[in-house]
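Trainee: First the structure, then my questions, so here it is.
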Amino acid sequence: MHSLSPSPFTFHDDVLPGSGPNHIPVKPPRKVLDAPALQDDFYLNLVDWSSHNVLAVALGNCVYLWNACSSKVTNYVTWGLTTAFVPLAGLSVIWDASQCKMIRTMEGHRLRVGALAWSSSLLSSGGRDKNIYQRDIRAQGDFVSKLSGHKSEVCGLKWSYDNRELASGGNDNRLLVWNQHSTQPVLKYCEHTAAVKAIAWSPHVHGLLASGGGTADRCIRFWNTTTNSHLSCHRHWKSGKNCRIGN
């Protein structure tokens with residue numbers, strides 16, 4: 001359902017539960033946001049939610065900010081993706097979201113950037129050029145280090161909650177782990193059989209990392225980066241299989 005209002009990013013409260021033979025019974029969503037022009041590209045990260053309860057969505061060449069507390073919608077009429085985003089191939093731009101003001105632009109990547117991750121004042125960016133750039137927004141230079149390890153586009157980035165480890169996923173089906181000072185991965189996991197985009201660290205257990213593979217993989221794997229061990233693998237629900245690799 002697309003809105004015809006001046007802002008295409010609108011929400012609805014009157015949502016009915018889904019149905020069908022494969023429907024999993026769940027509570028209906030609290031809100032449904034219209035998102036026309038949302039690019040259908042698996043490798044891009046076009047949605048993000050800030051700690052201030054603001055949802056950012058990139059639609060076409062604009063980024064829309066929706067305040068979950070007030071339902072207010074704000075849009076940048078230029079390029080877009082959250083507070084830091086990529087308007088042109090290889091160029092990253094940082095905005096002050098509260099003032100809708102551009103702060104700075106940073107170069108480095110030769111091709112599009114599809115993944116970003118913050119660690120305090122450090123911004124990590126991953127691109128189709130297979131590289132990850134570490135950018136300290138306090139420094140004058142565009143980046144402080146370049147991480148090389150993937151053999152294809154970087155499509156997932158996530159810092160651990162203690163900001164000590166960065167996990168990256170790529171279209172090469174690899175999950176790599178870096179520390180704060182490494183320019184080469186300290187851990188490499190190659191068990192996935194499709195692109196690794198979904199990555200999450202446990203906020204409760206140090207070193208517990210989860211990763212999800214793409215359509216050809218359909219598997220969520222759990223890792224202990226402290227002991228460098230593969231903990232378990234949970235297959236797609238349709239397969240009806242679960243596998244435990246070891247502890």
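Each chain in the structure tokens gets a letter, A, B, ..., in the order shown, and its residues are numbered from 1; ligands are numbered from 1 in order too.
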Listing only residues of region 177-226 of chain A within 7 Å of region 150-173 of chain A, what is the closest atom pair and its distance in Å (to one decimal) for each, using only C-alpha atoms, sorted by chain and residue number ascending, as JSON lines?
Mentor:
```
{"residue": "A:Val177", "atom": "CA", "partner": "A:Ala167", "partner_atom": "CA", "distance": 4.5}
{"residue": "A:Trp178", "atom": "CA", "partner": "A:Leu166", "partner_atom": "CA", "distance": 5.1}
{"residue": "A:Asn179", "atom": "CA", "partner": "A:Glu165", "partner_atom": "CA", "distance": 4.6}
{"residue": "A:Gln180", "atom": "CA", "partner": "A:Arg164", "partner_atom": "CA", "distance": 5.6}
{"residue": "A:Cys190", "atom": "CA", "partner": "A:Asn173", "partner_atom": "CA", "distance": 6.5}
{"residue": "A:His192", "atom": "CA", "partner": "A:Asn173", "partner_atom": "CA", "distance": 5.6}
{"residue": "A:Thr193", "atom": "CA", "partner": "A:Asn173", "partner_atom": "CA", "distance": 5.8}
{"residue": "A:Ala194", "atom": "CA", "partner": "A:Asn173", "partner_atom": "CA", "distance": 4.9}
{"residue": "A:Ala195", "atom": "CA", "partner": "A:Asn171", "partner_atom": "CA", "distance": 4.2}
{"residue": "A:Val196", "atom": "CA", "partner": "A:Gly169", "partner_atom": "CA", "distance": 4.6}
{"residue": "A:Lys197", "atom": "CA", "partner": "A:Gly156", "partner_atom": "CA", "distance": 4.3}
{"residue": "A:Ala198", "atom": "CA", "partner": "A:Gly156", "partner_atom": "CA", "distance": 6.4}
{"residue": "A:Ile199", "atom": "CA", "partner": "A:Lys158", "partner_atom": "CA", "distance": 6.3}
{"residue": "A:Ala200", "atom": "CA", "partner": "A:Lys158", "partner_atom": "CA", "distance": 6.7}
{"residue": "A:Trp201", "atom": "CA", "partner": "A:Ser160", "partner_atom": "CA", "distance": 5.6}
{"residue": "A:Pro203", "atom": "CA", "partner": "A:Tyr161", "partner_atom": "CA", "distance": 6.1}
```
Trainee: Considering only strand (DSSP E or B) as DSSP defines it on the backbone, what residues of region 48-170 of chain A qualify? List them as a ChimeraX atom specification.
Mentor: /A:48-49,54-59,62-67,73-76,84-88,91-96,101-106,113-119,122-127,131-136,145-148,154-159,165-170
Trainee: Give me, as a list in words, all polymer residues having an atom no more than 6 Å from Leu59 (chain A), counting only C-alpha atoms and skipping those fewer than 3 positions away in the same chain.
Mentor: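 Contacts, with the query itself left out: Ala37, Leu38, Cys62 and Val63 of chain A.
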Trainee: Convert the current residue selection to file output with C-alpha atoms, as a compact mmCIF listing (two decimals), in the first residue's frame.
Mentor:
```txt
# COMPACT_ATOMS: atom_id res chain seq x y z
CA ALA A 37 11.03 3.17 -3.87
CA LEU A 38 12.75 0.91 -1.33
CA CYS A 62 16.21 10.28 -0.06
CA VAL A 63 16.47 9.13 3.52
```
Trainee: Between CA of Ser182 (chain A) and CA of Ile220 (chain A), measure the distance and give it in Å to one decimal.
Mentor: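 These atoms are spaced 26.3 Å apart.
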Trainee: Do you have the CA of Leu55 (chain A)-CA of Val73 (chain A) distance handy?
Mentor: 9.5 Å
Trainee: Which residue gives the smallest distance to Gly149 (chain A) among A:Asp129, A:Glu191, A:Asp34, A:Asp136, with only C-alpha atoms counted?
Mentor: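 Among the listed residues, A:Asp129 lies closest to Gly149 (chain A).
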Trainee: In Å, with one decimal, what is the gap from CA of Asn131 (chain A) to CA of Arg221 (chain A)?
Mentor: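 Atom-to-atom, CA of Asn131 (chain A) to CA of Arg221 (chain A), that is 23.7 Å.
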